[in-house]
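Shown below: work21.cif, with mmCIF, C-alpha atoms and all ligand atoms.
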```cif
data_coords
loop_
_atom_site.label_atom_id
_atom_site.label_comp_id
_atom_site.auth_asym_id
_atom_site.auth_seq_id
_atom_site.Cartn_x
_atom_site.Cartn_y
_atom_site.Cartn_z
CA MET A 1 87.80 56.76 140.92
CA ILE A 2 88.74 56.78 137.22
CA SER A 3 88.10 59.88 135.17
CA VAL A 4 89.10 60.12 131.51
CA LYS A 5 88.36 63.53 130.01
CA ASP A 6 88.58 64.28 126.30
CA VAL A 7 91.51 61.93 125.89
CA SER A 8 93.09 61.36 122.49
CA LYS A 9 96.12 59.25 121.73
CA PHE A 10 98.03 59.36 118.47
CA TYR A 11 100.87 56.88 118.02
CA LYS A 12 103.61 58.18 115.73
CA ALA A 13 103.44 55.17 113.42
CA SER A 14 99.69 55.41 112.90
CA THR A 15 97.51 57.62 110.68
CA ARG A 16 94.37 57.46 112.85
CA PRO A 17 94.13 58.08 116.58
CA ALA A 18 94.15 54.98 118.80
CA LEU A 19 91.77 56.95 121.09
CA ASP A 20 89.71 59.87 119.84
CA LYS A 21 88.26 62.32 122.42
CA VAL A 22 87.29 59.62 124.89
CA ASN A 23 85.29 60.49 128.01
CA VAL A 24 84.66 57.85 130.69
CA GLU A 25 83.82 58.29 134.39
CA ILE A 26 84.01 55.27 136.68
CA ASP A 27 82.91 55.52 140.31
CA LYS A 28 84.38 53.80 143.34
CA GLY A 29 83.29 50.18 143.53
CA GLU A 30 82.01 49.85 139.97
CA PHE A 31 82.66 46.77 137.81
CA VAL A 32 83.09 47.79 134.19
CA PHE A 33 83.74 45.79 131.02
CA LEU A 34 85.71 47.50 128.26
CA ILE A 35 84.89 45.85 124.97
CA GLY A 36 85.38 46.45 121.26
CA PRO A 37 86.97 44.82 118.23
CA SER A 38 90.68 44.24 117.90
CA GLY A 39 92.47 47.55 117.45
CA SER A 40 89.62 49.62 118.94
CA GLY A 41 91.87 51.03 121.68
CA LYS A 42 91.22 48.90 124.78
CA SER A 43 94.86 48.17 125.61
CA THR A 44 95.82 51.76 124.89
CA PHE A 45 93.13 52.89 127.35
CA MET A 46 94.53 50.58 130.05
CA GLN A 47 98.12 51.66 129.35
CA LEU A 48 97.20 55.32 129.71
CA LEU A 49 95.67 54.66 133.14
CA LEU A 50 98.98 53.16 134.32
CA LYS A 51 101.06 55.82 132.56
CA GLU A 52 102.73 53.18 130.41
CA GLU A 53 101.72 55.54 127.59
CA THR A 54 100.91 59.25 127.76
CA PRO A 55 97.88 60.82 126.08
CA THR A 56 98.36 63.26 123.22
CA SER A 57 95.63 65.43 124.78
CA GLY A 58 93.10 65.31 127.58
CA ASP A 59 93.22 64.53 131.29
CA ILE A 60 93.30 61.26 133.22
CA TYR A 61 92.64 60.84 136.94
CA VAL A 62 92.99 57.50 138.75
CA ALA A 63 92.32 57.41 142.50
CA ASP A 64 94.13 60.54 143.74
CA PHE A 65 96.54 60.74 140.82
CA HIS A 66 96.38 63.24 137.96
CA VAL A 67 98.01 60.63 135.77
CA ASN A 68 99.04 62.67 132.74
CA LYS A 69 100.65 65.30 135.00
CA LEU A 70 102.41 62.76 137.19
CA SER A 71 106.20 63.11 137.44
CA GLY A 72 108.28 60.05 136.59
CA ARG A 73 109.30 59.86 140.24
CA ARG A 74 105.68 59.29 141.33
CA VAL A 75 104.75 56.72 138.68
CA PRO A 76 105.74 53.78 140.94
CA LYS A 77 103.29 55.13 143.57
CA LEU A 78 100.49 55.09 140.97
CA ARG A 79 101.32 51.52 139.96
CA GLN A 80 101.33 50.43 143.61
CA SER A 81 97.87 51.94 144.09
CA VAL A 82 96.44 50.21 141.03
CA GLY A 83 96.47 46.44 140.66
CA TYR A 84 96.76 45.02 137.16
CA VAL A 85 96.58 41.61 135.56
CA PHE A 86 97.18 40.55 131.98
CA GLN A 87 96.24 37.72 129.66
CA ASP A 88 99.71 36.15 129.93
CA PHE A 89 99.92 36.18 133.77
CA ARG A 90 103.50 37.57 133.89
CA LEU A 91 104.64 35.67 136.97
CA LEU A 92 108.31 35.44 137.93
CA PRO A 93 109.20 31.93 136.70
CA ASN A 94 111.92 31.16 139.26
CA LYS A 95 109.91 32.19 142.29
CA THR A 96 107.27 30.09 144.02
CA VAL A 97 103.64 31.15 144.33
CA SER A 98 104.30 32.62 147.80
CA GLN A 99 107.48 34.34 146.67
CA ASN A 100 105.73 35.89 143.68
CA ILE A 101 103.17 37.47 145.97
CA ALA A 102 105.70 38.36 148.69
CA PHE A 103 107.81 40.14 146.07
CA ALA A 104 105.02 42.63 145.40
CA LEU A 105 105.11 43.56 149.09
CA GLU A 106 108.92 43.57 149.39
CA VAL A 107 109.34 46.13 146.62
CA ILE A 108 107.15 48.58 148.51
CA GLY A 109 109.10 48.05 151.70
CA LYS A 110 106.63 45.99 153.77
CA SER A 111 108.15 44.33 156.83
CA ARG A 112 108.82 40.60 156.99
CA SER A 113 106.10 40.17 159.63
CA VAL A 114 103.49 41.91 157.48
CA ILE A 115 104.51 39.77 154.48
CA GLU A 116 104.33 36.57 156.51
CA ARG A 117 100.82 37.42 157.67
CA THR A 118 99.46 38.82 154.39
CA VAL A 119 100.63 36.25 151.83
CA PRO A 120 98.71 33.29 153.34
CA GLU A 121 95.57 35.48 153.66
CA VAL A 122 95.56 36.38 149.99
CA LEU A 123 96.39 32.80 148.94
CA GLU A 124 93.35 31.69 150.92
CA LEU A 125 91.23 34.32 149.14
CA VAL A 126 92.20 32.95 145.72
CA GLY A 127 91.92 29.31 146.82
CA LEU A 128 95.58 28.38 146.44
CA SER A 129 96.63 27.77 150.04
CA GLY A 130 97.78 24.25 149.20
CA LYS A 131 100.03 25.35 146.35
CA ALA A 132 102.11 28.06 147.99
CA ASP A 133 105.43 26.34 147.30
CA ARG A 134 104.86 25.47 143.64
CA LEU A 135 106.63 27.21 140.79
CA PRO A 136 104.43 28.87 138.13
CA ASN A 137 105.16 26.14 135.57
CA GLU A 138 103.79 23.57 138.04
CA LEU A 139 100.35 25.25 137.91
CA SER A 140 97.48 25.24 135.41
CA GLY A 141 96.75 28.42 133.48
CA GLY A 142 93.78 29.21 135.70
CA GLU A 143 95.89 28.74 138.82
CA GLN A 144 98.63 30.97 137.40
CA GLN A 145 96.04 33.66 136.73
CA ARG A 146 94.79 33.34 140.31
CA VAL A 147 98.34 33.91 141.54
CA ALA A 148 98.58 36.98 139.29
CA ILE A 149 95.30 38.28 140.74
CA ALA A 150 96.50 37.56 144.29
CA ARG A 151 99.66 39.53 143.55
CA ALA A 152 97.66 42.41 142.10
CA PHE A 153 95.30 42.44 145.07
CA VAL A 154 97.76 41.92 147.91
CA ASN A 155 98.19 45.68 148.44
CA ARG A 156 94.39 46.08 148.54
CA PRO A 157 94.38 48.49 145.59
CA LEU A 158 91.50 50.89 145.07
CA VAL A 159 91.43 49.95 141.38
CA LEU A 160 92.09 46.65 139.61
CA LEU A 161 92.73 46.72 135.85
CA ALA A 162 92.49 43.44 133.98
CA ASP A 163 93.41 43.25 130.29
CA GLU A 164 91.82 40.08 128.88
CA PRO A 165 92.50 38.08 132.06
CA THR A 166 90.57 35.09 130.73
CA GLY A 167 91.96 35.25 127.19
CA ASN A 168 94.08 32.11 127.59
CA LEU A 169 91.63 30.13 129.71
CA ASP A 170 88.86 27.62 129.01
CA PRO A 171 85.24 28.58 129.84
CA ASP A 172 85.02 26.83 133.22
CA THR A 173 88.34 28.26 134.38
CA SER A 174 87.31 31.68 133.10
CA ALA A 175 84.12 31.45 135.16
CA ASP A 176 86.22 30.77 138.28
CA ILE A 177 88.40 33.79 137.55
CA MET A 178 85.28 35.93 137.17
CA LEU A 179 83.96 34.76 140.55
CA LEU A 180 87.26 35.84 142.04
CA LEU A 181 87.14 39.26 140.37
CA GLU A 182 83.55 39.69 141.59
CA ARG A 183 84.62 38.83 145.11
CA ILE A 184 87.42 41.40 144.92
CA ASN A 185 84.94 43.94 143.56
CA ARG A 186 82.64 43.28 146.54
CA THR A 187 85.43 44.39 148.87
CA GLY A 188 85.03 47.85 147.32
CA THR A 189 87.78 47.64 144.68
CA THR A 190 86.85 49.24 141.36
CA VAL A 191 87.37 46.70 138.56
CA LEU A 192 87.89 47.57 134.89
CA MET A 193 88.25 44.56 132.62
CA ALA A 194 88.98 44.56 128.89
CA THR A 195 87.59 41.45 127.24
CA HIS A 196 86.47 39.77 124.01
CA ASP A 197 84.47 37.16 125.89
CA HIS A 198 80.77 37.45 124.98
CA HIS A 199 79.67 34.80 127.46
CA ILE A 200 81.25 36.49 130.45
CA VAL A 201 79.85 39.92 129.60
CA ASP A 202 76.38 38.51 128.85
CA SER A 203 76.23 36.45 132.03
CA MET A 204 77.43 39.17 134.40
CA ARG A 205 75.32 42.07 133.14
CA ARG A 206 77.58 44.81 134.44
CA ARG A 207 78.37 48.20 132.95
CA VAL A 208 79.71 47.94 129.40
CA VAL A 209 81.84 50.60 127.71
CA GLU A 210 82.35 49.79 124.02
CA LEU A 211 85.11 51.28 121.89
CA ASP A 212 85.25 51.29 118.11
CA LEU A 213 88.07 52.94 116.16
CA GLY A 214 89.13 54.74 119.32
CA ARG A 215 85.72 56.21 120.15
CA VAL A 216 83.21 55.30 122.87
CA VAL A 217 80.23 54.02 120.91
CA ARG A 218 78.25 52.63 123.86
CA ASP A 219 78.25 53.09 127.63
CA GLU A 220 75.50 51.11 129.24
CA ALA A 221 74.69 50.00 132.78
CA ARG A 222 74.05 46.22 132.91
CA GLY A 223 74.93 45.76 129.23
CA VAL A 224 75.47 42.73 127.05
CA TYR A 225 78.32 42.14 124.62
CA ALA A 226 76.53 42.70 121.36
CA VAL A 227 73.28 44.60 121.12
CA GLY A 228 70.68 42.91 118.90
CA ARG A 229 72.59 39.66 118.41
N1 LIG A 301 102.86 51.16 120.20
C1 LIG A 301 102.06 51.44 119.16
N2 LIG A 301 102.53 52.12 118.08
C2 LIG A 301 101.71 52.41 117.04
N3 LIG A 301 100.40 52.08 116.99
C3 LIG A 301 99.90 51.38 118.03
C4 LIG A 301 100.69 51.03 119.16
N4 LIG A 301 99.90 50.36 120.04
C5 LIG A 301 98.68 50.29 119.47
N5 LIG A 301 98.66 50.91 118.26
C6 LIG A 301 97.50 51.08 117.38
O1 LIG A 301 96.48 51.73 118.12
C7 LIG A 301 95.21 51.15 117.83
C8 LIG A 301 94.57 50.62 119.09
O2 LIG A 301 95.32 49.50 119.56
P1 LIG A 301 95.02 48.76 120.94
O3 LIG A 301 96.12 47.76 121.15
O4 LIG A 301 94.79 49.77 121.98
O5 LIG A 301 93.65 48.01 120.61
P2 LIG A 301 92.89 46.85 121.38
O6 LIG A 301 91.44 47.21 121.35
O7 LIG A 301 93.51 46.62 122.71
O8 LIG A 301 93.13 45.58 120.46
P3 LIG A 301 93.17 44.01 120.85
O9 LIG A 301 91.78 43.63 121.20
O10 LIG A 301 93.63 43.37 119.55
O11 LIG A 301 94.16 43.85 121.96
C9 LIG A 301 95.45 50.11 116.74
O12 LIG A 301 95.21 50.71 115.49
C10 LIG A 301 96.92 49.76 116.92
O13 LIG A 301 97.49 49.36 115.68
#
```
Could you render the structure from this file as structure tokens?
Ligand SMILES: Nc1ncnc2c1ncn2[C@@H]1O[C@H](COP(=O)(O)OP(=O)(O)OP(=O)(O)O)[C@@H](O)[C@H]1O
Amino acid sequence: MISVKDVSKFYKASTRPALDKVNVEIDKGEFVFLIGPSGSGKSTFMQLLLKEETPTSGDIYVADFHVNKLSGRRVPKLRQSVGYVFQDFRLLPNKTVSQNIAFALEVIGKSRSVIERTVPEVLELVGLSGKADRLPNELSGGEQQRVAIARAFVNRPLVLLADEPTGNLDPDTSADIMLLLERINRTGTTVLMATHDHHIVDSMRRRVVELDLGRVVRDEARGVYAVGR
């Protein structure tokens, strides 16, 4: 579902590669944590999968897309096939919860009847049925992140990328978000989550890919955050 082959990324401003000959294969339906210290290359890895950045060398495949060969015209198709959520939620501040989710469907040309049926379903999934008409600033951080996840999931993507989705949340709220991501994963969606959160990684015991200075230093099924600590 995700295949990263011999990928290196050099940013112009930097003397060392942000990613250095990275190889990672992720199958359909896997749940994978991407960990590593600040600056190890996690965000760069995520950005390459969405073609927000291009690799200096190597090949990247996501779902049916050969990402590094993808023409600019087809990039929107890739980003519609992959859901993504970020630490800072990135909701549209002047749209309600429902409108934020509906917007994701409008931009890909879904009909009004499909939108009217789908938005309540996904709000139910994330437990926000009662808050459909609120604006983002009338929600807690955890609720805003649930809206962001609903928006990312509303197209039923094959892959969901989450870059520190619990980074701004307290432990209990983070645990709720993880339950939601697990539920989405159980529907068959492949989930790749970059995180610094030891507790989450240690409690979930899923596959762990660890980066350090742009290299994969560990790739372990049912791993913990820090070996030997
Ligand atoms: N746009 C850029 N231009 C130049 N260098 C960059 C750019 N983006 C990232 N880098 C460098 O690439 C390396 C990897 O950065 P990246 O943001 O991928 O790490 P990260 O693991 O996501 O870090 P964090 O956990 O702090 O978010 C770092 O050395 C960083 O300084």
For ligand LIG 301 (chain A), the closest of A:Leu92, A:Ala13, A:Leu70, A:Ala221 counting all atoms listed in the file is A:Ala13
Separation of atom O10 of ligand LIG 301 (chain A) and atom CA of Phe65 of chain A, in Å?
27.6 Å
Interatomic distance, atom CA of Ala194 of chain A to atom CA of Leu34 of chain A (Å, one decimal)
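Straight-line distance from atom CA of Ala194 of chain A to atom CA of Leu34 of chain A works out to 4.4 Å.
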Go ahead and fit an axis-aligned box to every listed atom of segment 129-140 of chain A plus 5 Å each side, and pass me the centre and edge lengths in Å, one decimal, as AutoDock Vina command-line options.
```
--center_x 101.6 --center_y 26.2 --center_z 142.7 --size_x 20.0 --size_y 15.3 --size_z 24.6
```
Within 6 Å of ligand LIG 301 (chain A), which residues of chain A come that close, and what is the closest atom pair and distance in Å for each? Count all atoms listed in the file and give it as a tab-separated table.
```
residue	atom	partner	partner_atom	distance
A:Tyr11	CA	A:LIG301	C2	4.7
A:Ala13	CA	A:LIG301	C2	4.9
A:Ser14	CA	A:LIG301	N3	5.3
A:Ala18	CA	A:LIG301	O1	4.1
A:Pro37	CA	A:LIG301	O9	5.8
A:Ser38	CA	A:LIG301	O10	3.5
A:Gly39	CA	A:LIG301	O5	3.4
A:Ser40	CA	A:LIG301	O6	3.9
A:Gly41	CA	A:LIG301	O4	3.2
A:Lys42	CA	A:LIG301	O6	3.8
A:Ser43	CA	A:LIG301	O7	3.6
A:Thr44	CA	A:LIG301	O4	3.7
```
For Pro165 of chain A, find every residue with an atom within 10 Å (counting only C-alpha atoms), except residues of its own chain fewer than 4 positions away, and show them as a ChimeraX atom specification.
/A:84-89,142,145-146,148-149,161,169,174,177-178,181,193-195
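Using all atoms listed in the file, the shortest contact distance between Arg79 of chain A and any of A:Asn155, A:Asn168, A:Thr190, A:Ser113 is found at A:Asn155.
Shortest separation to Gly214 of chain A among A:Ser8, A:Ser3, A:Asn94, A:Gln144 occurs at residue A:Ser8, atoms counted being all atoms listed in the file.
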For Arg222 of chain A, the nearest of the candidates A:Arg205, A:Lys69, A:Arg74, A:Lys51, counting all atoms listed in the file:
A:Arg205
Could you jot down the atom CA of Ile200 of chain A to atom CA of Arg156 of chain A separation for me, Å, one decimal place?
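Going from atom CA of Ile200 of chain A over to atom CA of Arg156 of chain A covers 24.3 Å.
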Can you list, as a list in words, every protein, DNA or RNA residue that comes within 10 Å of Ile108 of chain A when you count only C-alpha atoms, leaving out same-chain residues fewer than 5 positions away?
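Answer for this query is Pro76, Lys77, Gln80, Phe103 and Asn155 of chain A.
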Which of these residues is nearest to Val32 of chain A, using all atoms listed in the file: A:Arg218, A:Lys95, A:Arg90, A:Arg207?
A:Arg207
Residue neighbourhood Asp197 of chain A, 9 Å, only C-alpha atoms, exclusion window fewer than 6 positions, as a PyMOL selection string
chain A and resi 35+164+166-167+225
For Asn137 of chain A, the nearest of the candidates A:Gln99, A:Phe153, A:Ala162, A:Pro93, counting all atoms listed in the file
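Using all atoms listed in the file, Asn137 of chain A sits closest to A:Pro93.
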Output segment 149-160 of chain A with all heavy atoms present, as a short mmCIF file (atom, residue, chain, number, x, y, z; two decimals), in the coordinates of the input.
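What follows is the written file selection_10.cif:
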```
data_model
loop_
_atom_site.label_atom_id
_atom_site.label_comp_id
_atom_site.auth_asym_id
_atom_site.auth_seq_id
_atom_site.Cartn_x
_atom_site.Cartn_y
_atom_site.Cartn_z
N ILE A 149 96.33 37.44 140.11
CA ILE A 149 95.30 38.28 140.74
C ILE A 149 95.63 38.48 142.22
O ILE A 149 95.51 39.59 142.75
CB ILE A 149 93.90 37.65 140.55
CG1 ILE A 149 93.52 37.72 139.06
CG2 ILE A 149 92.86 38.36 141.41
CD1 ILE A 149 92.27 36.92 138.70
N ALA A 150 96.10 37.42 142.88
CA ALA A 150 96.50 37.56 144.29
C ALA A 150 97.60 38.61 144.42
O ALA A 150 97.57 39.46 145.31
CB ALA A 150 97.00 36.21 144.82
N ARG A 151 98.55 38.57 143.51
CA ARG A 151 99.66 39.53 143.55
C ARG A 151 99.15 40.95 143.31
O ARG A 151 99.60 41.91 143.95
CB ARG A 151 100.69 39.15 142.49
CG ARG A 151 101.91 40.03 142.49
CD ARG A 151 102.90 39.60 141.44
NE ARG A 151 102.29 39.60 140.11
CZ ARG A 151 102.94 39.28 138.99
NH1 ARG A 151 104.20 38.90 139.05
NH2 ARG A 151 102.32 39.30 137.83
N ALA A 152 98.20 41.08 142.38
CA ALA A 152 97.66 42.41 142.10
C ALA A 152 96.83 42.95 143.26
O ALA A 152 96.73 44.16 143.46
CB ALA A 152 96.79 42.35 140.84
N PHE A 153 96.24 42.02 144.04
CA PHE A 153 95.30 42.44 145.07
C PHE A 153 95.95 42.55 146.44
O PHE A 153 95.38 43.13 147.37
CB PHE A 153 94.14 41.44 145.13
CG PHE A 153 93.02 41.86 146.04
CD1 PHE A 153 92.30 43.01 145.78
CD2 PHE A 153 92.72 41.12 147.17
CE1 PHE A 153 91.28 43.42 146.63
CE2 PHE A 153 91.70 41.52 148.02
CZ PHE A 153 90.99 42.67 147.75
N VAL A 154 97.18 42.05 146.57
CA VAL A 154 97.76 41.92 147.91
C VAL A 154 97.95 43.26 148.61
O VAL A 154 97.88 43.34 149.84
CB VAL A 154 99.06 41.09 147.85
CG1 VAL A 154 100.19 41.86 147.20
CG2 VAL A 154 99.47 40.62 149.23
N ASN A 155 98.10 44.33 147.84
CA ASN A 155 98.19 45.68 148.44
C ASN A 155 96.83 46.32 148.65
O ASN A 155 96.76 47.51 148.93
CB ASN A 155 98.98 46.63 147.53
CG ASN A 155 100.40 46.21 147.37
OD1 ASN A 155 100.99 45.74 148.32
ND2 ASN A 155 100.93 46.40 146.17
N ARG A 156 95.76 45.55 148.45
CA ARG A 156 94.39 46.08 148.54
C ARG A 156 94.24 47.35 147.71
O ARG A 156 93.94 48.44 148.26
CB ARG A 156 93.98 46.37 150.00
CG ARG A 156 94.22 45.21 150.93
CD ARG A 156 93.14 44.18 150.81
NE ARG A 156 93.64 42.88 151.25
CZ ARG A 156 92.88 41.84 151.53
NH1 ARG A 156 91.59 41.91 151.41
NH2 ARG A 156 93.40 40.70 151.89
N PRO A 157 94.45 47.28 146.42
CA PRO A 157 94.38 48.49 145.59
C PRO A 157 92.94 49.01 145.49
O PRO A 157 91.99 48.23 145.62
CB PRO A 157 94.86 48.01 144.21
CG PRO A 157 94.48 46.56 144.19
CD PRO A 157 94.65 46.07 145.60
N LEU A 158 92.82 50.30 145.26
CA LEU A 158 91.50 50.89 145.07
C LEU A 158 90.93 50.49 143.71
O LEU A 158 89.72 50.44 143.51
CB LEU A 158 91.60 52.42 145.13
CG LEU A 158 91.98 52.97 146.50
CD1 LEU A 158 92.39 54.43 146.39
CD2 LEU A 158 90.82 52.80 147.46
N VAL A 159 91.83 50.25 142.77
CA VAL A 159 91.43 49.95 141.38
C VAL A 159 92.18 48.71 140.91
O VAL A 159 93.38 48.57 141.15
CB VAL A 159 91.81 51.13 140.45
CG1 VAL A 159 91.46 50.80 139.00
CG2 VAL A 159 91.13 52.42 140.88
N LEU A 160 91.45 47.80 140.24
CA LEU A 160 92.09 46.65 139.61
C LEU A 160 91.80 46.70 138.11
O LEU A 160 90.64 46.74 137.69
CB LEU A 160 91.55 45.35 140.20
CG LEU A 160 92.20 44.07 139.69
CD1 LEU A 160 93.63 43.93 140.20
CD2 LEU A 160 91.41 42.85 140.12
#
```
